[in-house]
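A.B. asks: Hey, dropping coords_35.cif in here, mmCIF, C-alpha atoms:
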data_target
#
loop_
_atom_site.label_atom_id
_atom_site.label_comp_id
_atom_site.auth_asym_id
_atom_site.auth_seq_id
_atom_site.Cartn_x
_atom_site.Cartn_y
_atom_site.Cartn_z
CA MET G 617 0.00 0.00 0.00
CA ALA G 618 1.37 3.42 -0.93
CA PRO G 619 2.05 5.64 2.13
CA SER G 620 -0.31 8.24 0.68
CA MET G 621 -3.18 5.74 0.98
CA LEU G 622 -2.61 5.13 4.70
CA ALA G 623 -4.63 6.93 7.37
CA LEU G 624 -1.68 7.28 9.75
CA ALA G 625 1.56 9.03 8.79
CA ILE G 626 5.20 8.90 9.85
CA ALA G 627 6.11 12.33 11.16
CA HIS G 628 9.71 11.41 11.95
CA ASP G 629 11.97 8.40 11.33
CA SER G 630 15.27 8.53 13.24
CA GLY G 631 16.78 5.92 10.93
CA ILE G 632 18.66 2.70 11.64
CA PRO G 633 21.30 3.09 14.36
CA PRO G 634 24.82 3.02 12.87
CA SER G 635 26.07 -0.50 12.00
CA SER G 636 23.20 -2.18 13.86
CA THR G 637 21.57 -5.35 12.60
CA ASP G 638 19.51 -6.10 15.72
CA TYR G 639 17.97 -2.70 16.51
CA THR G 640 14.50 -2.40 18.03
CA THR G 641 11.91 -0.27 16.26
CA LEU G 642 9.96 1.87 18.73
CA ILE G 643 6.74 3.11 17.16
CA LEU G 644 5.26 5.91 19.26
CA ILE G 645 1.69 7.21 18.94
CA HIS G 646 0.81 10.57 20.50
CA GLY G 647 -2.13 11.76 22.59
CA LEU G 648 -4.85 14.40 22.39
CA GLY G 649 -3.80 17.82 21.12
CA TYR G 650 -0.11 16.90 20.84
CA HIS G 651 1.36 15.37 17.70
CA ALA G 652 4.55 13.37 17.20
CA GLY G 653 6.81 16.37 17.84
CA VAL G 654 6.12 15.99 21.56
CA PHE G 655 8.55 13.03 21.57
CA LYS G 656 11.53 14.99 20.22
CA ASN G 657 13.51 14.79 23.47
CA LEU G 658 13.75 11.01 23.07
CA LEU G 659 15.55 11.18 19.73
CA PRO G 660 19.10 11.89 20.99
CA PHE G 661 19.05 8.52 22.78
CA ALA G 662 18.46 6.39 19.68
CA GLU G 663 22.00 5.01 19.40
CA GLN G 664 22.37 4.50 23.16
CA PHE G 665 19.26 2.29 23.19
CA ASN G 666 19.99 0.68 19.79
CA THR G 667 16.58 1.88 18.70
CA ARG G 668 14.97 3.29 15.59
CA PHE G 669 12.25 5.78 16.47
CA ILE G 670 9.15 5.95 14.29
CA LEU G 671 6.96 8.85 15.44
CA VAL G 672 3.45 8.51 14.06
CA ASN G 673 0.68 11.04 13.62
CA ARG G 674 -2.88 9.80 13.93
CA ARG G 675 -5.76 10.92 11.76
CA ASP G 676 -6.56 14.64 11.71
CA TYR G 677 -3.00 15.58 12.71
CA PRO G 678 -0.35 17.03 10.35
CA GLY G 679 0.53 14.72 7.48
CA ALA G 680 -2.12 12.11 8.32
CA LEU G 681 -5.51 11.63 6.70
CA PRO G 682 -7.97 14.31 7.89
CA TYR G 683 -11.47 13.35 8.86
CA SER G 684 -13.95 14.19 6.12
CA SER G 685 -16.82 16.58 6.72
CA ASP G 686 -19.19 13.60 6.61
CA GLU G 687 -17.17 11.78 9.26
CA LEU G 688 -17.09 14.86 11.50
CA ARG G 689 -20.84 15.32 11.16
CA ASN G 690 -21.35 11.67 12.05
CA PHE G 691 -19.07 11.95 15.09
CA ALA G 692 -20.89 15.10 16.25
CA ARG G 693 -24.27 13.42 15.80
CA LEU G 694 -23.10 10.47 17.89
CA VAL G 695 -21.74 12.68 20.66
CA ASN G 696 -25.08 14.45 20.86
CA SER G 697 -27.23 11.31 20.58
CA PRO G 698 -28.87 9.62 23.55
CA SER G 699 -27.51 6.27 24.63
CA SER G 700 -28.89 3.34 22.69
CA ALA G 701 -27.79 -0.01 21.32
CA GLU G 702 -27.60 1.54 17.85
CA ALA G 703 -25.37 4.42 18.99
CA ARG G 704 -23.11 2.02 20.87
CA ALA G 705 -22.78 -0.14 17.76
CA GLU G 706 -21.84 2.89 15.67
CA ALA G 707 -19.20 4.01 18.17
CA THR G 708 -17.84 0.46 18.34
CA LYS G 709 -17.49 0.49 14.56
CA ILE G 710 -15.53 3.77 14.70
CA LEU G 711 -13.08 2.17 17.13
CA ALA G 712 -12.76 -0.94 14.94
CA GLU G 713 -12.03 1.27 11.93
CA HIS G 714 -9.23 2.93 13.88
CA ALA G 715 -7.81 -0.53 14.68
CA ARG G 716 -7.73 -1.28 10.94
CA ASP G 717 -5.92 2.01 10.32
CA VAL G 718 -3.25 1.03 12.85
CA ARG G 719 -2.93 -2.48 11.47
CA ASP G 720 -2.69 -1.25 7.87
CA PHE G 721 0.07 1.16 8.87
CA LEU G 722 2.07 -1.52 10.70
CA GLU G 723 1.73 -4.13 7.96
CA ASP G 724 2.79 -1.61 5.33
CA PHE G 725 5.77 -0.51 7.44
CA ILE G 726 6.95 -4.07 8.03
CA CYS G 727 6.59 -4.93 4.35
CA ARG G 728 8.51 -1.86 3.16
CA GLU G 729 11.22 -1.63 5.80
CA ARG G 730 12.24 -5.28 6.31
CA ILE G 731 13.03 -4.68 9.96
CA PRO G 732 14.86 -7.31 12.07
CA LEU G 733 12.74 -9.98 13.69
CA PRO G 734 12.70 -10.07 17.49
CA THR G 735 15.53 -11.89 19.27
CA GLU G 736 16.52 -12.12 22.92
CA ASN G 737 18.70 -9.04 22.52
CA GLY G 738 16.57 -6.76 20.35
CA GLY G 739 14.88 -6.46 17.00
CA GLY G 740 11.17 -6.39 16.32
CA ILE G 741 8.70 -3.64 17.17
CA VAL G 742 7.71 -2.05 20.45
CA LEU G 743 4.36 -0.36 19.85
CA ALA G 744 3.69 2.36 22.43
CA GLY G 745 0.72 4.69 22.73
CA TRP G 746 0.87 7.71 25.03
CA SER G 747 -2.30 8.98 26.73
CA LEU G 748 -5.09 8.87 24.11
CA GLY G 749 -2.60 7.10 21.85
CA ALA G 750 -2.93 4.08 24.15
CA VAL G 751 -6.33 3.51 22.53
CA SER G 752 -4.50 2.86 19.25
CA VAL G 753 -2.65 0.03 21.00
CA THR G 754 -5.67 -1.44 22.76
CA ALA G 755 -7.74 -1.15 19.58
CA LEU G 756 -5.19 -3.28 17.76
CA LEU G 757 -5.06 -5.85 20.57
CA ALA G 758 -8.86 -6.04 20.69
CA ASP G 759 -9.01 -6.38 16.91
CA ALA G 760 -6.56 -9.29 16.97
CA ASN G 761 -8.60 -10.82 19.77
CA SER G 762 -11.61 -11.03 17.45
CA SER G 763 -10.01 -11.97 14.13
CA ARG G 764 -7.51 -14.36 12.62
CA ASP G 765 -5.43 -11.94 10.56
CA GLY G 766 -2.85 -10.87 13.13
CA ALA G 767 -0.25 -13.58 12.37
CA GLN G 768 2.01 -11.36 10.26
CA LEU G 769 2.16 -8.68 12.93
CA SER G 770 2.60 -11.17 15.76
CA LYS G 771 5.95 -12.24 14.26
CA TYR G 772 7.32 -8.72 14.59
CA ILE G 773 5.71 -7.01 17.59
CA ARG G 774 7.70 -7.86 20.68
CA ARG G 775 5.89 -5.59 23.14
CA PHE G 776 2.77 -3.44 23.47
CA VAL G 777 3.02 -0.44 25.80
CA LEU G 778 0.17 1.53 27.29
CA TYR G 779 2.06 4.65 28.28
CA GLU G 780 0.11 6.81 30.73
CA PRO G 781 -3.45 5.82 29.73
CA SER G 782 -6.28 7.42 31.69
CA SER G 783 -8.91 5.40 33.52
CA ALA G 784 -11.61 6.64 31.13
CA LEU G 785 -9.67 5.31 28.13
CA ILE G 786 -9.63 1.84 29.66
CA GLY G 787 -13.32 2.05 30.39
CA TYR G 788 -13.35 2.59 34.15
CA PRO G 789 -15.69 4.96 35.99
CA SER G 790 -14.26 7.97 37.80
CA PRO G 791 -14.24 8.13 41.61
CA VAL G 792 -16.77 10.25 43.47
CA GLY G 793 -15.50 13.80 43.86
CA HIS G 794 -13.05 13.69 40.97
CA TYR G 795 -12.11 16.72 38.89
CA HIS G 796 -11.33 17.22 35.20
CA PRO G 797 -10.97 20.64 33.49
CA LEU G 798 -12.53 19.43 30.24
CA ARG G 799 -15.71 18.70 32.19
CA ASP G 800 -15.67 21.73 34.48
CA PRO G 801 -18.92 23.70 33.93
CA SER G 802 -17.39 26.77 35.59
CA ILE G 803 -14.88 27.08 32.72
CA ALA G 804 -16.00 28.51 29.39
CA VAL G 805 -15.91 25.79 26.73
CA GLU G 806 -13.43 27.71 24.57
CA GLN G 807 -11.00 27.97 27.51
CA ARG G 808 -11.09 24.35 28.65
CA PHE G 809 -8.38 22.94 26.39
CA SER G 810 -5.89 25.62 27.39
CA LEU G 811 -6.52 24.98 31.10
CA PHE G 812 -6.46 21.24 30.49
CA ASP G 813 -3.00 21.62 28.92
CA GLU G 814 -1.65 23.26 32.07
CA TRP G 815 -3.35 20.75 34.40
CA VAL G 816 -2.33 17.64 32.46
CA SER G 817 1.34 18.71 32.32
CA SER G 818 1.56 19.54 36.04
CA TYR G 819 3.03 17.45 38.85
CA PHE G 820 0.81 16.09 41.63
CA ASP G 821 1.54 14.78 45.12
CA HIS G 822 -0.57 11.65 45.56
CA GLY G 823 -0.64 9.18 48.40
CA ASP G 824 -0.17 5.43 47.96
CA VAL G 825 -2.93 4.42 45.55
CA TRP G 826 -2.15 0.70 46.01
CA THR G 827 -3.10 0.80 49.71
CA GLN G 828 -5.44 3.81 49.87
CA GLY G 829 -7.32 3.55 46.57
CA SER G 830 -9.12 6.71 45.49
CA ALA G 831 -8.41 8.39 48.85
CA ALA G 832 -4.78 8.73 47.75
CA LEU G 833 -5.54 10.82 44.66
CA ALA G 834 -4.87 14.56 44.31
CA TYR G 835 -7.51 15.60 41.79
CA ARG G 836 -7.27 19.29 41.20
CA HIS G 837 -4.36 21.14 42.77
CA PRO G 838 -0.84 20.44 41.48
CA ALA G 839 2.33 20.54 43.54
CA THR G 840 3.88 23.95 44.08
CA ASN G 841 7.52 22.84 44.23
CA ILE G 842 7.82 22.21 40.49
CA SER G 843 6.30 23.99 37.50
CA SER G 844 4.23 22.31 34.80
CA THR G 845 5.98 20.95 31.73
CA LYS G 846 4.03 23.22 29.44
CA SER G 847 5.09 26.35 31.33
CA ARG G 848 8.73 25.44 30.66
CA MET G 849 8.25 24.82 26.94
CA SER G 850 9.39 27.61 24.62
CA ALA G 851 7.21 29.03 21.88
CA ALA G 852 9.24 26.98 19.40
CA ASP G 853 8.72 23.82 21.48
CA LEU G 854 4.96 24.38 21.60
CA ALA G 855 4.82 25.03 17.86
CA MET G 856 6.65 21.75 17.28
CA ALA G 857 4.56 19.64 19.66
CA VAL G 858 1.03 21.05 19.99
CA TYR G 859 -1.79 20.74 17.48
CA GLY G 860 -4.97 22.18 18.94
CA PRO G 861 -7.68 22.20 16.25
CA THR G 862 -8.57 18.51 16.36
CA ALA G 863 -8.58 18.56 20.18
CA GLU G 864 -11.16 21.34 20.42
CA PRO G 865 -14.70 20.25 21.40
CA THR G 866 -15.76 20.18 17.73
CA GLY G 867 -12.47 18.67 16.51
CA GLY G 868 -12.19 15.17 15.09
CA ASP G 869 -9.98 13.67 17.78
CA SER G 870 -12.18 14.91 20.63
CA LEU G 871 -15.37 13.80 18.91
CA PHE G 872 -13.87 10.37 18.13
CA ILE G 873 -12.98 9.54 21.72
CA PHE G 874 -15.99 11.21 23.33
CA ALA G 875 -18.30 9.17 21.10
CA CYS G 876 -16.61 6.04 22.47
CA ILE G 877 -16.74 7.24 26.09
CA LEU G 878 -20.30 8.61 26.08
CA HIS G 879 -21.75 5.46 24.52
CA ASP G 880 -19.93 3.19 26.95
CA VAL G 881 -17.88 1.36 24.32
CA LEU G 882 -14.65 1.21 26.30
CA PRO G 883 -15.68 -1.19 29.14
CA LYS G 884 -16.46 -3.90 26.58
CA HIS G 885 -13.31 -2.89 24.71
CA ARG G 886 -11.32 -3.52 27.90
CA GLU G 887 -12.77 -7.03 28.11
CA ASP G 888 -11.77 -7.73 24.52
CA VAL G 889 -8.21 -6.57 25.22
CA PHE G 890 -7.47 -8.17 28.58
CA PHE G 891 -9.74 -11.23 28.81
CA LEU G 892 -8.62 -14.08 26.56
CA ARG G 893 -10.68 -16.66 24.75
CA GLY G 894 -9.78 -20.31 25.15
CA GLU G 895 -6.97 -21.57 22.93
CA GLY G 896 -8.31 -22.99 19.68
CA ALA G 897 -11.63 -21.19 20.04
CA LEU G 898 -13.00 -19.16 17.15
CA GLY G 899 -11.45 -15.72 17.42
CA ALA G 900 -8.77 -16.81 19.91
CA ASP G 901 -6.12 -14.16 20.33
CA GLU G 902 -3.17 -14.39 17.93
CA TRP G 903 -1.19 -12.43 20.51
CA ARG G 904 -2.31 -14.16 23.68
CA GLY G 905 1.32 -14.51 24.78
CA ALA G 906 2.43 -11.04 23.71
CA GLU G 907 4.23 -8.86 26.23
CA VAL G 908 2.06 -5.97 27.43
CA ARG G 909 3.09 -3.30 29.90
CA LEU G 910 1.44 -0.27 31.43
CA VAL G 911 3.83 2.58 32.26
CA TRP G 912 2.64 5.14 34.80
CA GLY G 913 4.21 8.16 36.47
CA ASP G 914 3.52 8.49 40.19
CA ARG G 915 3.20 12.31 39.94
CA SER G 916 0.92 12.25 36.90
CA ILE G 917 -2.75 13.25 36.80
CA TRP G 918 -5.04 11.18 38.99
CA GLU G 919 -6.63 9.35 36.04
CA VAL G 920 -3.37 7.58 35.23
CA LEU G 921 -2.84 6.23 38.74
CA TRP G 922 -6.50 5.23 38.92
CA ALA G 923 -6.16 3.32 35.63
CA ALA G 924 -3.11 1.39 36.85
CA TYR G 925 -4.74 0.62 40.20
CA LEU G 926 -8.06 -0.59 38.79
CA LEU G 927 -6.60 -2.64 35.95
CA ASN G 928 -4.10 -4.36 38.23
CA LYS G 929 -6.88 -5.07 40.75
CA GLU G 930 -9.28 -6.43 38.12
CA LEU G 931 -6.68 -8.66 36.49
CA GLN G 932 -5.50 -10.07 39.81
CA GLU G 933 -9.03 -10.80 41.01
CA SER G 934 -9.92 -12.41 37.68
CA ARG G 935 -6.74 -14.48 37.72
CA ASP G 936 -7.54 -15.64 41.26
CA ALA G 937 -11.01 -16.64 40.03
CA GLY G 938 -9.47 -18.79 37.29
CA LYS G 939 -10.35 -16.55 34.37
CA PRO G 940 -7.90 -16.42 31.42
CA VAL G 941 -6.53 -12.88 31.40
CA ARG G 942 -3.66 -11.21 29.63
CA SER G 943 -0.40 -10.82 31.53
CA VAL G 944 0.42 -7.14 32.06
CA ASP G 945 3.57 -5.69 33.61
CA PHE G 946 3.03 -2.46 35.56
CA VAL G 947 6.03 -0.14 35.40
CA GLN G 948 6.31 2.82 37.77
CA LEU G 949 8.21 5.93 36.70
CA LYS G 950 9.23 7.51 40.00
CA GLY G 951 8.74 11.26 40.13
CA ALA G 952 7.28 11.43 36.62
CA ASN G 953 4.30 13.41 35.42
CA HIS G 954 2.26 12.87 32.25
CA PHE G 955 5.09 14.30 30.13
CA ALA G 956 7.94 12.07 31.27
CA HIS G 957 9.18 11.76 27.67
CA TRP G 958 9.80 15.53 27.72
CA ASP G 959 11.14 15.99 31.27
CA MET G 960 12.99 12.68 31.76
CA PRO G 961 13.51 11.08 28.33
CA GLU G 962 16.22 8.58 29.24
CA LYS G 963 14.20 7.15 32.14
CA THR G 964 11.13 7.00 29.91
CA LEU G 965 13.02 4.89 27.38
CA ARG G 966 14.12 2.54 30.13
CA ALA G 967 10.42 2.09 30.97
CA LEU G 968 9.34 1.59 27.37
CA LEU G 969 12.21 -0.63 26.23
CA GLY G 970 13.79 -2.17 29.33
CA HIS G 971 12.77 -4.74 31.92
CA GLU G 972 12.70 -2.81 35.22
CA SER G 973 9.43 -2.62 37.14
CA VAL G 974 10.37 0.61 38.94
CA ILE G 975 12.40 3.37 37.27
CA GLN G 976 14.12 5.49 39.90
#
For this file, write the structure as structure tokens.

C.D. replies:
Amino acid sequence: MAPSMLALAIAHDSGIPPSSTDYTTLILIHGLGYHAGVFKNLLPFAEQFNTRFILVNRRDYPGALPYSSDELRNFARLVNSPSSAEARAEATKILAEHARDVRDFLEDFICRERIPLPTENGGGIVLAGWSLGAVSVTALLADANSSRDGAQLSKYIRRFVLYEPSSALIGYPSPVGHYHPLRDPSIAVEQRFSLFDEWVSSYFDHGDVWTQGSAALAYRHPATNISSTKSRMSAADLAMAVYGPTAEPTGGDSLFIFACILHDVLPKHREDVFFLRGEGALGADEWRGAEVRLVWGDRSIWEVLWAAYLLNKELQESRDAGKPVRSVDFVQLKGANHFAHWDMPEKTLRALLGHESVIQ
């Protein structure tokens, strides 16, 4: 497939590390309102980690396929529609179409680039999605869990990484008393994304979520001993990393994910990703043994800690009950906020590519 026919686009390719024949290809997918430029601080470490960076832009971001006016109208209609089985089915289809976009991109990349197969020391692909980009990873895993066409990809993908996903993106309800600037009725709609940017890039002082649950979470007020990542980014940095139009309330990226959230698609999506069918059953997962990890910063926004806590709890309880669930490694980035790739790039790469469970 010609690159121009793909929905996703490569925004930056760091190239093959010098003289390497066993390099790992790290494919990174960005979040809401930030495109692939937000990962630029990782690039100087390519040779040190024997890694080729492929920074991808999702649909409606620079270089990728924009949503058509018909698609945007359909998204907006869904977001403003009452809950129903029909609306849920439509939103589920949108998510499945995104999974096909991701799969088409990966299959085309593998075919064109002839990357090394995974070995004990390297090679293969690590597919990582940051924040909303984690849905690109889970969509692919859920798609493979319901079809038989993942064999080609399963030969090459060595690891899937959910990097700082929020609880909403994994389909969990929010705790009582939570706060989110995008849902704050006291903030004018046109100001919410700007305030969200500051909030989401701040540092928070939480308690121990593993022992205290939701009581440990700092919802609204960031720490005062360190400034937000965004406040330390220059105008040039922001121009390179931020892409606001599709993240606005009427933008394609916002409408896409809110359609999925509002029509309660993501809880069932979580089941498709993390609960495995019996081996040999129709639709059994081609990647049932694939390595999956969730990377979370302990000073990130509350939604990230809540996601890690609830998913770990659900998987452990299901495992204890004898249910076949996917194995997930939970990796803690000590002292990290939601923008660890910007503020602590080397440690972030250890979390994405290494084998430590706690990154000090």

A.B. asks: Determine the residue membership of the PyMOL selection byres ((chain G and resi 724) around 12) for the file above and supply it as a ChimeraX atom specification.

C.D. replies: /G:617-626,716-723,725-731,768-769

A.B. asks: Rounded to one decimal, what separation in Å do you get between atom CA of Gly868 of chain G and atom CA of Phe691 of chain G?

C.D. replies: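 Distance between the two atoms: 7.6 Å.
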
A.B. asks: Residues at most 10 Å from Trp826 of chain G, counting all atoms listed in the file, excluding those fewer than 6 positions away in the same chain, as a PyMOL selection string?

C.D. replies: chain G and resi 832+921-922+924-926+928-929

A.B. asks: Rank G:Ile632, G:Ala834, G:Val858, G:Ala906 by their smallest atom-to-atom distance to Tyr677 of chain G, using all atoms listed in the file, and report the top residue only.

C.D. replies: G:Val858

A.B. asks: Produce a table with one row for each residue of segment 630-703 of chain G that has an atom at most 12 Å from any atom of segment 806-823 of chain G, each row naming the nearest atom pair and its distance in Å at one decimal; use only C-alpha atoms; arrange rows by chain and rising residue number; format as JSON lines.

C.D. replies:
{"residue": "G:Gly647", "atom": "CA", "partner": "G:Val816", "partner_atom": "CA", "distance": 11.5}
{"residue": "G:Leu648", "atom": "CA", "partner": "G:Asp813", "partner_atom": "CA", "distance": 9.9}
{"residue": "G:Gly649", "atom": "CA", "partner": "G:Phe809", "partner_atom": "CA", "distance": 8.7}
{"residue": "G:Tyr650", "atom": "CA", "partner": "G:Asp813", "partner_atom": "CA", "distance": 9.8}

A.B. asks: Could you tell me, as a ChimeraX atom specification, exactly which residues end up selected when the PyMOL selection byres ((chain G and resi 883) around 9) is applied to this structure?

C.D. replies: /G:785-788,880-882,884-888

A.B. asks: Which residues, named as in the file, does the PyMOL selection byres ((chain G and resi 862) around 12) pick out? Answer as an MDAnalysis selection string.

C.D. replies: chainID G and resid 647:651 674:678 682:683 688 809 858:861 863:873

A.B. asks: Provide the atom CA of Ser934 of chain G to atom CA of Leu892 of chain G distance in Å, to one decimal place.

C.D. replies: 11.3 Å

A.B. asks: For Pro734 of chain G, find every residue with an atom within 9 Å (counting all atoms listed in the file), except residues of its own chain fewer than 3 positions away, and show them as number ranges by chain.

C.D. replies: G: 638, 640, 737-741, 771-774

A.B. asks: Quick one: write out the picked residues with C-alpha atoms as a PDB file, in the coordinates of the input?

C.D. replies:
ATOM      1  CA  ASP G 638      19.510  -6.100  15.720  1.00  0.00           C
ATOM      2  CA  THR G 640      14.500  -2.400  18.030  1.00  0.00           C
ATOM      3  CA  ASN G 737      18.700  -9.040  22.520  1.00  0.00           C
ATOM      4  CA  GLY G 738      16.570  -6.760  20.350  1.00  0.00           C
ATOM      5  CA  GLY G 739      14.880  -6.460  17.000  1.00  0.00           C
ATOM      6  CA  GLY G 740      11.170  -6.390  16.320  1.00  0.00           C
ATOM      7  CA  ILE G 741       8.700  -3.640  17.170  1.00  0.00           C
ATOM      8  CA  LYS G 771       5.950 -12.240  14.260  1.00  0.00           C
ATOM      9  CA  TYR G 772       7.320  -8.720  14.590  1.00  0.00           C
ATOM     10  CA  ILE G 773       5.710  -7.010  17.590  1.00  0.00           C
ATOM     11  CA  ARG G 774       7.700  -7.860  20.680  1.00  0.00           C
TER      12      ARG G 774
END

A.B. asks: Do you have the atom CA of Lys846 of chain G-atom CA of Phe669 of chain G distance handy?

C.D. replies: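 Here the two named atoms are 23.2 Å from each other.
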
A.B. asks: Given all atoms listed in the file as the basis, pick out the residue of G:Leu833, G:Ala851, G:Ala857, G:Ile917 nearest to Glu780 of chain G.

C.D. replies: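 For Glu780 of chain G, the nearest of the given residues is G:Ile917.
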
A.B. asks: Name the residues in contact with Ser782 of chain G at a cut-off of 7 Å, using all atoms listed in the file, excluding same-chain residues fewer than 5 positions from it; report them as a PyMOL selection string.

C.D. replies: chain G and resi 747+919-920+923

A.B. asks: With 6 Å on each side, where is the centre of the axis-aligned box around all listed atoms of segment 959-965 of chain G, and how long are its edges in Å to one decimal, as JSON?

C.D. replies:
{"center_x": 13.7, "center_y": 10.4, "center_z": 29.8, "size_x": 17.1, "size_y": 23.1, "size_z": 16.8}

A.B. asks: List the neighbours of Ala712 of chain G out to 10 Å using only C-alpha atoms; skip same-chain residues closer than 2 positions along the sequence, and give me the result as a PyMOL selection string.

C.D. replies: chain G and resi 706-710+714-718+755-756+758-759+885

A.B. asks: Taking (8.6, 14.9, 20.3) in the coordinates of the supplied file, I want to know which residues reach to within 10 Å of it, counting all atoms listed in the file; could you give the answer as a PyMOL selection string?

C.D. replies: chain G and resi 627-628+644+646+650-659+671+853+856-858+957-958

A.B. asks: I need the residue nearest Ala705 of chain G from this list: G:Arg668, G:Arg893, G:Lys950, G:His879. Use all atoms listed in the file for the distance.

C.D. replies: G:His879

A.B. asks: Could you give me, as a PyMOL selection string, the residues within 12 Å of Phe661 of chain G, counting all atoms listed in the file and dropping anything in the same chain fewer than 5 positions from it?

C.D. replies: chain G and resi 630+633+642+655-656+666-669+957+960-966+969

A.B. asks: Is there a way to complete segment 944-950 of chain G with all heavy atoms and then write that out as a PDB file, in the coordinates of the input?

C.D. replies:
ATOM      1  N   VAL G 944       0.033  -8.535  32.217  1.00  0.00           N
ATOM      2  CA  VAL G 944       0.420  -7.140  32.060  1.00  0.00           C
ATOM      3  C   VAL G 944       1.453  -6.783  33.112  1.00  0.00           C
ATOM      4  O   VAL G 944       1.258  -7.064  34.300  1.00  0.00           O
ATOM      5  CB  VAL G 944      -0.805  -6.191  32.188  1.00  0.00           C
ATOM      6  CG1 VAL G 944      -0.363  -4.731  32.046  1.00  0.00           C
ATOM      7  CG2 VAL G 944      -1.871  -6.533  31.158  1.00  0.00           C
ATOM      8  N   ASP G 945       2.553  -6.191  32.688  1.00  0.00           N
ATOM      9  CA  ASP G 945       3.570  -5.690  33.610  1.00  0.00           C
ATOM     10  C   ASP G 945       3.281  -4.215  33.883  1.00  0.00           C
ATOM     11  O   ASP G 945       3.100  -3.426  32.951  1.00  0.00           O
ATOM     12  CB  ASP G 945       4.964  -5.825  33.008  1.00  0.00           C
ATOM     13  CG  ASP G 945       5.369  -7.268  32.793  1.00  0.00           C
ATOM     14  OD1 ASP G 945       5.044  -8.104  33.659  1.00  0.00           O
ATOM     15  OD2 ASP G 945       5.997  -7.569  31.755  1.00  0.00           O
ATOM     16  N   PHE G 946       3.265  -3.848  35.162  1.00  0.00           N
ATOM     17  CA  PHE G 946       3.030  -2.460  35.560  1.00  0.00           C
ATOM     18  C   PHE G 946       4.370  -1.831  35.931  1.00  0.00           C
ATOM     19  O   PHE G 946       5.064  -2.330  36.823  1.00  0.00           O
ATOM     20  CB  PHE G 946       2.039  -2.396  36.716  1.00  0.00           C
ATOM     21  CG  PHE G 946       0.649  -2.810  36.324  1.00  0.00           C
ATOM     22  CD1 PHE G 946       0.291  -4.150  36.262  1.00  0.00           C
ATOM     23  CD2 PHE G 946      -0.300  -1.851  35.977  1.00  0.00           C
ATOM     24  CE1 PHE G 946      -0.986  -4.537  35.881  1.00  0.00           C
ATOM     25  CE2 PHE G 946      -1.580  -2.225  35.594  1.00  0.00           C
ATOM     26  CZ  PHE G 946      -1.919  -3.561  35.543  1.00  0.00           C
ATOM     27  N   VAL G 947       4.719  -0.762  35.233  1.00  0.00           N
ATOM     28  CA  VAL G 947       6.030  -0.140  35.400  1.00  0.00           C
ATOM     29  C   VAL G 947       5.850   1.273  35.940  1.00  0.00           C
ATOM     30  O   VAL G 947       5.208   2.116  35.306  1.00  0.00           O
ATOM     31  CB  VAL G 947       6.799  -0.104  34.061  1.00  0.00           C
ATOM     32  CG1 VAL G 947       8.165   0.547  34.248  1.00  0.00           C
ATOM     33  CG2 VAL G 947       6.941  -1.515  33.492  1.00  0.00           C
ATOM     34  N   GLN G 948       6.428   1.521  37.102  1.00  0.00           N
ATOM     35  CA  GLN G 948       6.310   2.820  37.770  1.00  0.00           C
ATOM     36  C   GLN G 948       7.493   3.711  37.416  1.00  0.00           C
ATOM     37  O   GLN G 948       8.652   3.327  37.586  1.00  0.00           O
ATOM     38  CB  GLN G 948       6.246   2.622  39.284  1.00  0.00           C
ATOM     39  CG  GLN G 948       6.132   3.917  40.073  1.00  0.00           C
ATOM     40  CD  GLN G 948       6.099   3.673  41.572  1.00  0.00           C
ATOM     41  OE1 GLN G 948       6.224   2.532  42.034  1.00  0.00           O
ATOM     42  NE2 GLN G 948       5.944   4.731  42.341  1.00  0.00           N
ATOM     43  N   LEU G 949       7.194   4.910  36.937  1.00  0.00           N
ATOM     44  CA  LEU G 949       8.210   5.930  36.700  1.00  0.00           C
ATOM     45  C   LEU G 949       8.202   6.869  37.911  1.00  0.00           C
ATOM     46  O   LEU G 949       7.303   7.689  38.066  1.00  0.00           O
ATOM     47  CB  LEU G 949       7.891   6.708  35.424  1.00  0.00           C
ATOM     48  CG  LEU G 949       8.608   6.299  34.142  1.00  0.00           C
ATOM     49  CD1 LEU G 949       7.997   7.016  32.947  1.00  0.00           C
ATOM     50  CD2 LEU G 949      10.094   6.613  34.226  1.00  0.00           C
ATOM     51  N   LYS G 950       9.195   6.725  38.769  1.00  0.00           N
ATOM     52  CA  LYS G 950       9.230   7.510  40.000  1.00  0.00           C
ATOM     53  C   LYS G 950       9.441   8.989  39.687  1.00  0.00           C
ATOM     54  O   LYS G 950      10.329   9.367  38.921  1.00  0.00           O
ATOM     55  CB  LYS G 950      10.369   7.021  40.896  1.00  0.00           C
ATOM     56  CG  LYS G 950      10.201   5.589  41.392  1.00  0.00           C
ATOM     57  CD  LYS G 950       9.250   5.507  42.562  1.00  0.00           C
ATOM     58  CE  LYS G 950       9.905   5.999  43.825  1.00  0.00           C
ATOM     59  NZ  LYS G 950       9.007   5.822  45.008  1.00  0.00           N
TER      60      LYS G 950
END
